[in-house]
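Chemist: Contents of run07.cif (mmCIF, C-alpha atoms) are given next:
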```cif
data_work
loop_
_atom_site.label_atom_id
_atom_site.label_comp_id
_atom_site.auth_asym_id
_atom_site.auth_seq_id
_atom_site.Cartn_x
_atom_site.Cartn_y
_atom_site.Cartn_z
CA MET A 1 91.29 79.75 94.01
CA ASN A 2 94.67 78.43 92.94
CA ASP A 3 97.69 80.73 92.60
CA ASP A 4 97.03 81.45 88.92
CA GLU A 5 93.44 82.42 89.69
CA VAL A 6 94.53 84.69 92.55
CA ARG A 7 97.05 86.38 90.25
CA GLY A 8 94.37 86.76 87.59
CA ARG A 9 92.00 88.30 90.12
CA ILE A 10 94.65 90.74 91.34
CA TYR A 11 95.41 91.94 87.83
CA ASP A 12 91.75 92.06 86.83
CA VAL A 13 90.81 94.25 89.81
CA THR A 14 93.87 96.46 89.41
CA MET A 15 93.49 97.00 85.67
CA ARG A 16 89.81 97.91 86.05
CA SER A 17 89.95 100.01 89.22
CA GLY A 18 93.50 101.38 89.31
CA ARG A 19 94.34 99.84 92.71
CA PRO A 20 95.41 96.33 93.77
CA PRO A 21 92.80 94.64 95.96
CA LEU A 22 93.20 94.36 99.72
CA VAL A 23 93.95 90.90 101.09
CA ALA A 24 90.53 90.83 102.76
CA GLU A 25 88.88 91.53 99.41
CA LEU A 26 90.55 88.48 97.88
CA GLY A 27 89.43 85.86 100.39
CA GLY A 28 90.40 83.77 103.36
CA PRO A 29 93.53 82.04 104.71
CA GLU A 30 94.09 79.96 101.56
CA VAL A 31 94.45 83.19 99.61
CA VAL A 32 97.07 84.44 102.06
CA GLU A 33 99.13 81.35 101.31
CA SER A 34 98.75 81.98 97.57
CA LEU A 35 99.87 85.57 98.05
CA GLN A 36 102.93 84.40 99.95
CA ARG A 37 103.82 82.04 97.09
CA LEU A 38 103.23 84.76 94.49
CA ALA A 39 105.51 87.08 96.47
CA ALA A 40 108.18 84.37 96.75
CA GLY A 41 107.90 83.97 92.98
CA ARG A 42 108.39 87.72 92.49
CA VAL A 43 104.97 88.17 90.90
CA ILE A 44 103.86 90.60 93.61
CA VAL A 45 105.53 92.49 96.48
CA MET A 46 103.80 92.09 99.84
CA ARG A 47 104.06 93.88 103.13
CA ASP A 48 100.87 93.40 105.14
CA GLU A 49 99.05 94.12 101.87
CA ILE A 50 100.00 93.96 98.20
CA VAL A 51 102.23 96.98 97.60
CA MET A 52 103.45 96.22 94.08
CA VAL A 53 102.05 94.14 91.26
CA ALA A 54 104.08 95.23 88.29
CA PRO A 55 103.60 97.63 86.67
CA PHE A 56 101.12 98.89 89.28
CA SER A 57 101.76 100.36 92.73
CA ALA A 58 99.29 100.21 95.60
CA VAL A 59 100.80 103.34 97.12
CA VAL A 60 101.09 106.87 95.82
CA THR A 61 104.22 107.42 93.72
CA PRO A 62 105.58 110.21 91.48
CA PHE A 63 104.31 108.25 88.46
CA LEU A 64 100.60 108.92 87.95
CA VAL A 65 99.09 107.32 84.85
CA GLU A 66 95.66 108.28 83.58
CA SER A 67 93.89 106.21 80.97
CA ALA A 68 90.23 106.02 79.95
CA GLY A 69 89.15 107.85 83.09
CA VAL A 70 91.04 105.59 85.50
CA SER A 71 94.05 106.74 87.55
CA TYR A 72 96.93 104.36 88.30
CA PHE A 73 100.22 104.70 90.16
CA ALA A 74 103.30 103.05 88.67
CA ASN A 75 106.44 101.95 90.51
CA CYS A 76 108.88 103.71 88.16
CA ILE A 77 109.03 105.29 84.72
CA TRP A 78 109.42 101.89 83.03
CA ASP A 79 106.29 100.69 84.80
CA ALA A 80 104.52 103.96 83.98
CA LEU A 81 105.06 103.18 80.31
CA GLY A 82 104.13 99.57 81.02
CA ILE A 83 100.62 100.46 82.17
CA PRO A 84 99.36 101.67 78.78
CA ALA A 85 101.32 98.79 77.22
CA MET A 86 99.47 96.30 79.43
CA LEU A 87 96.10 98.00 79.03
CA HIS A 88 96.60 98.40 75.28
CA ARG A 89 95.22 101.91 75.65
CA ASP A 90 96.46 105.45 75.22
CA ALA A 91 97.49 107.19 78.45
CA GLU A 92 98.90 110.36 79.97
CA ILE A 93 101.80 109.98 82.42
CA HIS A 94 102.29 112.75 84.98
CA THR A 95 105.70 112.62 86.60
CA SER A 96 108.65 114.86 87.41
CA CYS A 97 112.39 115.09 86.87
CA GLY A 98 114.14 112.76 89.33
CA ASP A 99 116.77 115.43 89.91
CA CYS A 100 115.04 118.80 90.12
CA GLY A 101 111.36 117.88 90.48
CA THR A 102 110.16 119.84 87.48
CA ALA A 103 106.81 118.47 86.32
CA MET A 104 107.05 116.34 83.18
CA ASN A 105 104.37 114.65 81.12
CA VAL A 106 104.51 111.76 78.68
CA ARG A 107 101.71 111.06 76.24
CA VAL A 108 101.31 107.48 75.00
CA GLU A 109 99.21 107.48 71.88
CA ASN A 110 98.82 105.13 68.94
CA ASP A 111 101.61 102.83 70.13
CA ALA A 112 104.17 105.61 70.57
CA ALA A 113 105.38 107.70 73.51
CA HIS A 114 105.73 111.46 73.21
CA GLY A 115 107.81 113.55 75.63
CA ASP A 116 111.15 115.24 76.16
CA GLY A 117 112.88 113.22 78.89
CA LEU A 118 115.36 110.38 79.35
CA LEU A 119 115.04 107.18 81.39
CA HIS A 120 117.85 106.29 83.78
CA PHE A 121 118.28 102.74 85.08
CA ALA A 122 120.57 103.09 88.10
CA VAL A 123 120.75 99.43 89.15
CA PRO A 124 122.18 96.69 86.88
CA ALA A 125 119.59 94.13 85.82
CA ARG A 126 121.01 91.26 87.86
CA GLU A 127 120.63 93.35 91.05
CA TRP A 128 117.06 94.60 90.51
CA TRP A 129 115.52 92.20 93.02
CA ASN A 130 118.15 92.82 95.71
CA ASP A 131 116.01 95.80 96.73
CA ILE A 132 113.07 95.99 94.36
CA VAL A 133 111.50 98.96 96.11
CA PHE A 134 114.63 101.07 95.54
CA THR A 135 115.00 99.72 92.01
CA MET B 1 114.02 103.79 87.19
CA LEU B 2 113.51 107.52 87.08
CA TYR B 3 112.75 110.07 84.39
CA PHE B 4 114.96 113.11 83.86
CA ARG B 5 114.95 116.32 81.87
CA SER B 6 118.43 115.79 80.41
CA GLU B 7 121.78 114.02 80.70
CA GLU B 8 122.95 116.86 82.96
CA HIS B 9 120.13 116.13 85.41
CA ILE B 10 120.99 112.42 85.40
CA ASP B 11 124.62 113.24 86.26
CA ARG B 12 123.53 115.53 89.09
CA TRP B 13 121.25 112.83 90.52
CA CYS B 14 124.04 110.22 90.35
CA SER B 15 126.40 112.62 92.11
CA ALA B 16 123.87 113.42 94.83
CA TRP B 17 123.16 109.72 95.45
CA LYS B 18 126.85 108.76 95.11
CA MET B 19 125.95 106.21 92.48
CA ASP B 20 127.64 105.30 89.23
CA ARG B 21 125.80 106.27 86.11
CA GLY B 22 123.68 103.33 84.97
CA ALA B 23 121.93 102.89 81.63
CA VAL B 24 120.21 105.77 79.85
CA LEU B 25 117.37 105.14 77.41
CA THR B 26 115.56 107.56 75.16
CA LEU B 27 111.81 107.76 75.68
CA ASP B 28 111.27 105.78 72.48
CA GLN B 29 113.63 103.03 73.67
CA GLY B 30 111.86 103.00 77.04
CA TRP B 31 108.48 102.71 75.39
CA ARG B 32 109.60 99.83 73.19
CA LEU B 33 111.05 98.06 76.24
CA ALA B 34 107.83 98.57 78.22
CA ALA B 35 105.69 97.48 75.27
CA ALA B 36 107.71 94.28 74.84
CA TRP B 37 107.82 93.56 78.58
CA PHE B 38 104.21 94.19 79.54
CA THR B 39 102.26 93.26 76.43
CA GLU B 40 101.21 89.82 77.73
CA ASP B 41 97.92 89.39 79.56
CA ARG B 42 98.92 88.62 83.15
CA ARG B 43 95.31 87.77 83.97
CA ALA B 44 95.65 84.64 81.83
CA PRO B 45 96.15 81.37 83.77
CA GLU B 46 99.00 80.33 81.47
CA TRP B 47 101.06 83.48 82.09
CA ARG B 48 104.48 82.84 83.62
CA ARG B 49 107.42 85.06 84.49
CA ARG B 50 110.09 84.99 81.83
CA THR B 51 113.13 82.78 82.24
CA VAL B 52 116.59 84.36 82.25
CA ASP B 53 117.05 83.31 78.62
CA GLU B 54 113.71 84.87 77.65
CA VAL B 55 114.51 88.12 79.46
CA GLU B 56 117.86 88.40 77.75
CA GLN B 57 116.16 87.74 74.42
CA VAL B 58 113.78 90.66 75.03
CA PHE B 59 116.69 92.92 75.97
CA GLY B 60 118.78 91.71 73.04
CA GLU B 61 116.05 92.38 70.49
CA LEU B 62 116.03 95.99 71.70
CA GLY B 63 119.80 96.29 71.50
CA LEU B 64 120.25 96.15 75.28
CA SER B 65 123.16 93.72 75.32
CA SER B 66 125.80 95.43 77.47
CA PRO B 67 126.87 93.82 80.79
CA PHE B 68 124.44 96.21 82.56
CA TRP B 69 121.53 94.19 81.15
CA SER B 70 123.00 90.76 81.89
CA LEU B 71 121.20 88.61 84.46
CA ARG B 72 124.06 86.14 84.92
#
```
Can you turn what I pasted into structure tokens?

Modeler:
Amino acid sequence: MNDDEVRGRIYDVTMRSGRPPLVAELGGPEVVESLQRLAAGRVIVMRDEIVMVAPFSAVVTPFLVESAGVSYFANCIWDALGIPAMLHRDAEIHTSCGDCGTAMNVRVENDAAHGDGLLHFAVPAREWWNDIVFT
Amino acid sequence: MLYFRSEEHIDRWCSAWKMDRGAVLTLDQGWRLAAAWFTEDRRAPEWRRRTVDEVEQVFGELGLSSPFWSLR
């Protein structure tokens, strides 16, 4: 597989199952090199495994997205909204206030989002990739 | 990027984290940004990350043109 095919496989698995694939599920050493290039190109975030492939998170986060019977974790509220946008499906987002922890839900339905909260972007755009996990 | 109940909760979070207040979007603005950003099929072989010019065009079309949104 070339890098584009590896990226396509990662997104295909994640969009269908809700979780990014493990490295071992993707293939052998040549895939590891592709993953390193995709990470260098800011398409994915790697530790030993894929941890982020925007808008999806491989680890549990406070942004749970449910759509068509599949559960996904998003990296942030922007990504949580990005999951139904990418899937082109309605979704329910279960999250909480970043300050007080009160549970909050957002319903994405018919190309509109319904809820009572506000999004806060703490880091200026040019600095997002300085520490993408914090961002 | 976090989600908050109100402006007051955003200010409390910024104070607790000793951070300046960033950019605040309504849920509708956030949805339109997410819809514009993530609408492309990233499974497609021809997909590429946006250039700086393309990113700023997406932001600009949504009215996000303050220095906070600049990539330069």

Chemist: Within 9 Å of (104.4, 91.4, 79.8) (coordinates as in the file), grab all the protein and nucleic acid residues, counting all atoms listed in the file, and write them out as a list in words.

Modeler: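 Returned residue set, sorted by chain then number, is Gly82, Ala85 and Met86 of chain A; Ala34, Ala35, Ala36, Trp37, Phe38, Thr39, Glu40, Asp41, Arg42, Trp47, Arg49 and Arg50 of chain B.
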
Chemist: Translate the PyMOL selection byres ((chain B) within 7 of (chain A)) into a concrete residue list for this structure, as number ranges by chain.

Modeler: B: 1-6, 9-10, 12-13, 21-28, 30-31, 34-35, 38-40, 42-45, 68-72

Chemist: Just to confirm, what's the straight-line distance from CA of Phe73 (chain A) to CA of Gln29 (chain B) in Å (one decimal)?

Modeler: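 These two atoms are separated by 21.3 Å.
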
Chemist: Find, counting only C-alpha atoms, the residue in A:Val23, A:Val31, A:Ala74, A:Val65 that gets nearest to Glu49 (chain A).

Modeler: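 Nearest candidate to Glu49 (chain A) out of A:Val23, A:Val31, A:Ala74, A:Val65: A:Val23.
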
Chemist: Report, in Å with one decimal, the straight-line distance from CA of Ala40 (chain A) to CA of Phe59 (chain B).

Modeler: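 About the pair CA of Ala40 (chain A) and CA of Phe59 (chain B): they are 24.0 Å apart.
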
Chemist: Let me make sure I understand: among A:Arg16, A:Ile50, A:Val45, A:Leu38, which one has the smallest atom-to-atom distance to Ser67 (chain A) if we use all atoms listed in the file?

Modeler: A:Arg16

Chemist: Enter the distance from CA of Leu62 (chain B) to CA of Glu8 (chain B), in Å, rounded to one decimal.

Modeler: 24.7 Å

Chemist: Could you give me, as a VMD selection string, the residues that sit within 12 Å of (89.2, 87.6, 101.1) in the file's coordinates, counting all atoms listed in the file?

Modeler: chain A and resid 1 6 9 to 10 21 to 35 49

Chemist: Using only C-alpha atoms, which of A:Leu64, A:Ala39, A:Ile93, A:Val70 sits nearest Met52 (chain A)?

Modeler: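 Checking each of A:Leu64, A:Ala39, A:Ile93, A:Val70 against Met52 (chain A), counting only C-alpha atoms, the winner is A:Ala39.
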
Chemist: Would you compute, for all listed atoms of region 44-53 of chain A, the axis-aligned bounding box grown by 6 Å on each side, and then report its centre and edge lengths in Å rounded to one decimal, as lines of an AutoDock Vina configuration file?

Modeler:
```
center_x = 102.3
center_y = 93.8
center_z = 98.2
size_x = 18.5
size_y = 18.4
size_z = 25.9
```

Chemist: What would region 38-63 of chain A look like with N, CA and C atoms restored, written as a short mmCIF file (atom, residue, chain, number, x, y, z; two decimals), in the coordinates of the input?

Modeler:
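Contents of the output file part.cif:
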```cif
data_model
loop_
_atom_site.label_atom_id
_atom_site.label_comp_id
_atom_site.auth_asym_id
_atom_site.auth_seq_id
_atom_site.Cartn_x
_atom_site.Cartn_y
_atom_site.Cartn_z
N LEU A 38 103.06 83.80 95.59
CA LEU A 38 103.23 84.76 94.49
C LEU A 38 104.34 85.76 94.81
N ALA A 39 104.44 86.16 96.07
CA ALA A 39 105.51 87.08 96.47
C ALA A 39 106.87 86.38 96.39
N ALA A 40 106.92 85.13 96.84
CA ALA A 40 108.18 84.37 96.75
C ALA A 40 108.59 84.19 95.30
N GLY A 41 107.62 84.10 94.41
CA GLY A 41 107.90 83.97 92.98
C GLY A 41 108.09 85.29 92.27
N ARG A 42 108.13 86.38 93.02
CA ARG A 42 108.39 87.72 92.49
C ARG A 42 107.31 88.18 91.51
N VAL A 43 106.09 87.70 91.71
CA VAL A 43 104.97 88.17 90.90
C VAL A 43 104.36 89.41 91.53
N ILE A 44 104.35 89.45 92.86
CA ILE A 44 103.86 90.60 93.61
C ILE A 44 104.88 90.93 94.71
N VAL A 45 104.76 92.13 95.29
CA VAL A 45 105.53 92.49 96.48
C VAL A 45 104.53 92.74 97.59
N MET A 46 104.71 91.99 98.71
CA MET A 46 103.80 92.09 99.84
C MET A 46 104.46 92.77 101.02
N ARG A 47 103.74 93.55 101.75
CA ARG A 47 104.06 93.88 103.13
C ARG A 47 102.89 93.26 103.91
N ASP A 48 102.09 94.01 104.62
CA ASP A 48 100.87 93.40 105.14
C ASP A 48 99.84 93.26 104.03
N GLU A 49 99.94 94.13 103.04
CA GLU A 49 99.05 94.12 101.87
C GLU A 49 99.92 94.04 100.61
N ILE A 50 99.27 93.88 99.46
CA ILE A 50 100.00 93.96 98.20
C ILE A 50 100.45 95.40 98.01
N VAL A 51 101.75 95.62 97.83
CA VAL A 51 102.23 96.98 97.60
C VAL A 51 102.64 97.19 96.14
N MET A 52 103.07 96.13 95.48
CA MET A 52 103.45 96.22 94.08
C MET A 52 102.95 95.00 93.34
N VAL A 53 102.34 95.21 92.20
CA VAL A 53 102.05 94.14 91.26
C VAL A 53 102.34 94.76 89.89
N ALA A 54 103.54 94.50 89.43
CA ALA A 54 104.08 95.23 88.29
C ALA A 54 103.13 95.19 87.09
N PRO A 55 102.93 96.34 86.48
CA PRO A 55 103.60 97.63 86.67
C PRO A 55 102.91 98.55 87.67
N PHE A 56 101.96 98.03 88.43
CA PHE A 56 101.12 98.89 89.28
C PHE A 56 101.68 99.00 90.70
N SER A 57 101.43 100.15 91.33
CA SER A 57 101.76 100.36 92.73
C SER A 57 100.48 100.56 93.52
N ALA A 58 100.45 99.99 94.72
CA ALA A 58 99.29 100.21 95.60
C ALA A 58 99.41 101.52 96.36
N VAL A 59 100.59 102.10 96.37
CA VAL A 59 100.80 103.34 97.12
C VAL A 59 101.09 104.49 96.16
N VAL A 60 100.88 105.69 96.64
CA VAL A 60 101.09 106.87 95.82
C VAL A 60 102.57 106.99 95.46
N THR A 61 102.85 107.25 94.20
CA THR A 61 104.22 107.42 93.72
C THR A 61 104.29 108.66 92.83
N PRO A 62 105.48 109.07 92.42
CA PRO A 62 105.58 110.21 91.48
C PRO A 62 105.28 109.83 90.03
N PHE A 63 104.61 108.69 89.83
CA PHE A 63 104.31 108.25 88.46
C PHE A 63 102.80 107.98 88.36
#
```
